[in-house]
Amino acid sequence: MDTEHTKLKAFLFPWLAYGHISPFLELAKKLSDRGFLIELCSTPINLSFIQKRIPQSYSSTIQLVELILPEFPQLPPHYHTTNGLPLHLNSTLHKALKLAKPNLFTILKTRKPDLIIYDVMQLWTFGVASSLNIPSARFFTSGAAMCSYFVHLYKNLEVEYPFPALHLYDYEIERARKLVQRNDKENENKDDQPEEEMPPQEGIMLISTSKELEGKYMNYLAEIIETRILPIGTLVQDPVASVEGNVNIMQWLDSKKELSTVFVSFGSEYFLTKEEREEIALGLELSQVNFIWVVRFPKGEKQNLEEALPQGFLERVGDRGMIVEWAPQAKILTHSSIGGFVSHCGWNSISESIEFGVPIIAIPMQLDQPMNAKLLVEIGVALEVVRDDNGSLHREEIASVIKDVTSGESSETMRCKVRNLGKNLRTKSVEDMDATVEELRELVGESTSKNGSF
């Protein structure tokens, strides 16, 4: 604990997705360990999720702050989160959060934090912080490789992206271009809001990675966005402090041999199509490897598992497979029976997999995931399931990669690499966070000397 410095109050404001909230919560814990008082702000539905994940030891230093969104008929309060949100309502949720700006202004004016750390998904927060003379830093919850690639693409730089290992397939490039075009279109549509004040280039951006993992990509990103980037290490939940897992899951894992089982999960925000679900199921069946698979559906679209999976699949795999709707991921990844992680390559998931020394069967789906998958392959801790020219998955390829990662000729080499990387990252993450905390204290000190007390 930090006893030498005055306790500063940091206000943390993540995007309304569990994949963003989780690293913000881990950041809150690490700042708290270093002498900060934390206020973490989100919608009531998200706060109910966060509350269960705050250990008793942090109850006095991490407080939760409710942000009420304006009412939309199609967006009731239980949809004030991306978890289970139907895809067509995503833009409405973005709009609702932005329209809550006056509420955020009132909260900040009342609470008077020393520092605001906000998600890059809501850069408009800088304008609110600036109007109240509160120093701020933005936080990018994914990796530097993906960010550098998309900024390069967005800026339409005249040179090729300088890291050929991260070359995307044609269908992935097309998806990436559509994403950039959609963002451009959304940024042009400012009928509801006046011109926003954007953060200055010379500002600070925190990023949940380490030079140990992404040094060259961090350097390139800092160069093309002309912003100081502060790594804070990988932010991984302590499996011991995690929410109690399903006893049946852990007993089932206990019955399996060491390194004989794969964990299969595609995150809390992505829902497999029927075709993807079928190919993955049949790929798992063909692999003959034990598996525990988290199968999820959007809210209001819950289906009978037997109907959602290929006919006779559950009977054929028998006790070799376990299908669940939720699982304690961190706890499972530390279990001795787990020999691989079939993952969509979301940043939080791959950070956990590396932290706990589990090689990855990469099946990226969207957003940053294709770039993350290529990064993992480059550093030797994953193999990617290659799709066809149309971007479709095939069961034979899935089965082949699962077998290669869990018991193939290079499986032991890959396992040694991921374990060594995880060990190095644990050490480096502490150093990165300590250095970043000192930078944040200087930022607050500079602002105080300019503006007087808040």
# chains A, B, ... in the order shown; residues from 1 in each chain; ligands from 1
call {"tool": "residues_around", "arguments": {"residues": "region 18-25 of chain A", "least_positions_apart": "3", "cutoff": "7 Å", "atoms": "only C-alpha atoms", "output": "ChimeraX atom specification"}}
result
/A:14-15,28-29,83,141,235,348
call {"tool": "residues_around", "arguments": {"residues": "Gly408 (chain A)", "least_positions_apart": "5", "cutoff": "12 Å", "atoms": "only C-alpha atoms", "output": "list in words"}}
result
Ser287, Gly339, Gly340, Leu383, Ala399, Ser400, Val401, Ile402, Lys403, Thr413, Met414 and Arg415 of chain A
call {"tool": "write_last_selection", "arguments": {"atoms": "N, CA, C and O atoms", "output": "compact mmCIF listing (two decimals), in the first residue's frame"}}
result
# COMPACT_ATOMS: atom_id res chain seq x y z
N SER A 287 -12.41 -33.89 -32.99
CA SER A 287 -11.09 -33.79 -32.34
C SER A 287 -10.85 -34.90 -31.32
O SER A 287 -9.70 -35.22 -31.01
N GLY A 339 -5.73 -28.04 -21.41
CA GLY A 339 -4.55 -28.06 -22.27
C GLY A 339 -4.62 -27.07 -23.41
O GLY A 339 -3.67 -26.92 -24.18
N GLY A 340 -5.75 -26.35 -23.53
CA GLY A 340 -5.89 -25.36 -24.58
C GLY A 340 -7.15 -24.56 -24.41
O GLY A 340 -8.08 -24.98 -23.72
N LEU A 383 -2.24 -21.22 -32.37
CA LEU A 383 -2.44 -21.58 -33.77
C LEU A 383 -3.82 -21.09 -34.16
O LEU A 383 -4.77 -21.21 -33.36
N ALA A 399 -10.96 -29.24 -35.81
CA ALA A 399 -10.48 -30.44 -35.13
C ALA A 399 -8.97 -30.59 -35.24
O ALA A 399 -8.28 -30.93 -34.26
N SER A 400 -8.44 -30.30 -36.42
CA SER A 400 -7.00 -30.43 -36.66
C SER A 400 -6.20 -29.49 -35.76
O SER A 400 -5.19 -29.89 -35.15
N VAL A 401 -6.63 -28.23 -35.66
CA VAL A 401 -5.89 -27.26 -34.85
C VAL A 401 -6.00 -27.60 -33.36
O VAL A 401 -5.02 -27.47 -32.61
N ILE A 402 -7.17 -28.04 -32.92
CA ILE A 402 -7.32 -28.43 -31.52
C ILE A 402 -6.34 -29.56 -31.18
O ILE A 402 -5.65 -29.52 -30.15
N LYS A 403 -6.24 -30.55 -32.05
CA LYS A 403 -5.33 -31.68 -31.79
C LYS A 403 -3.87 -31.22 -31.84
O LYS A 403 -3.05 -31.66 -31.02
N THR A 413 6.36 -27.23 -26.95
CA THR A 413 7.11 -25.99 -27.20
C THR A 413 6.21 -24.78 -26.99
O THR A 413 6.60 -23.78 -26.36
N MET A 414 4.99 -24.86 -27.53
CA MET A 414 4.04 -23.76 -27.39
C MET A 414 3.66 -23.55 -25.92
O MET A 414 3.59 -22.41 -25.45
N ARG A 415 3.50 -24.65 -25.20
CA ARG A 415 3.13 -24.56 -23.79
C ARG A 415 4.26 -23.91 -22.98
O ARG A 415 4.01 -23.08 -22.10
call {"tool": "residues_around", "arguments": {"residues": "Ile116 (chain A)", "least_positions_apart": "3", "cutoff": "9 Å", "atoms": "only C-alpha atoms", "output": "PDB file with C-alpha atoms, in the first residue's frame"}}
result
ATOM      1  CA  LYS A   9      -9.563  10.308  -5.866  1.00  0.00           C
ATOM      2  CA  ALA A  10      -9.767   8.776  -9.354  1.00  0.00           C
ATOM      3  CA  PHE A  11     -13.066   8.600 -11.254  1.00  0.00           C
ATOM      4  CA  LEU A  12     -13.187   5.645 -13.690  1.00  0.00           C
ATOM      5  CA  PHE A  13     -15.696   5.673 -16.564  1.00  0.00           C
ATOM      6  CA  PRO A 113     -12.363  13.841  -8.302  1.00  0.00           C
ATOM      7  CA  THR A 125     -15.722  12.711 -21.711  1.00  0.00           C
ATOM      8  CA  PHE A 126     -12.598  14.852 -22.154  1.00  0.00           C
ATOM      9  CA  ALA A 129     -13.525  16.930 -17.611  1.00  0.00           C
ATOM     10  CA  ILE A 134     -10.198  18.071 -13.923  1.00  0.00           C
ATOM     11  CA  PRO A 135      -7.140  16.340 -15.426  1.00  0.00           C
ATOM     12  CA  SER A 136      -7.950  13.221 -17.411  1.00  0.00           C
ATOM     13  CA  ALA A 137      -6.416  10.276 -19.241  1.00  0.00           C
ATOM     14  CA  ARG A 138      -8.028   7.920 -21.700  1.00  0.00           C
TER      15      ARG A 138
END
call {"tool": "select_by_dssp", "arguments": {"residues": "region 209-345 of chain A", "states": "helix (DSSP H, G or I)", "output": "JSON, numbers by chain"}}
result
{"A": [211, 212, 213, 214, 215, 216, 217, 218, 219, 220, 221, 222, 223, 224, 225, 247, 248, 249, 250, 251, 252, 253, 254, 274, 275, 276, 277, 278, 279, 280, 281, 282, 283, 284, 285, 286, 287, 305, 306, 307, 308, 313, 314, 315, 316, 317, 318, 319, 320, 329, 330, 331, 332, 333]}
call {"tool": "closest_residue", "arguments": {"among": "A:Val385, A:Leu104, A:Cys147, A:Ile379", "to": "Tyr220 (chain A)", "atoms": "only C-alpha atoms"}}
result
A:Cys147
call {"tool": "atom_distance", "arguments": {"atom1": "CA of Asp434 (chain A)", "atom2": "CA of Ile350 (chain A)"}}
result
23.0 Å
call {"tool": "residues_around", "arguments": {"residues": "Thr227 (chain A)", "least_positions_apart": "5", "cutoff": "12 Å", "atoms": "only C-alpha atoms", "output": "count of residues only"}}
result
16
call {"tool": "residues_around", "arguments": {"residues": "Gly318 (chain A)", "least_positions_apart": "3", "cutoff": "12 Å", "atoms": "only C-alpha atoms", "output": "list in words"}}
result
Glu285, Gln288, Val289, Asn290, Phe291, Ile292, Gly312, Phe313, Leu314, Glu315, Gly321, Met322 and Ile323 of chain A
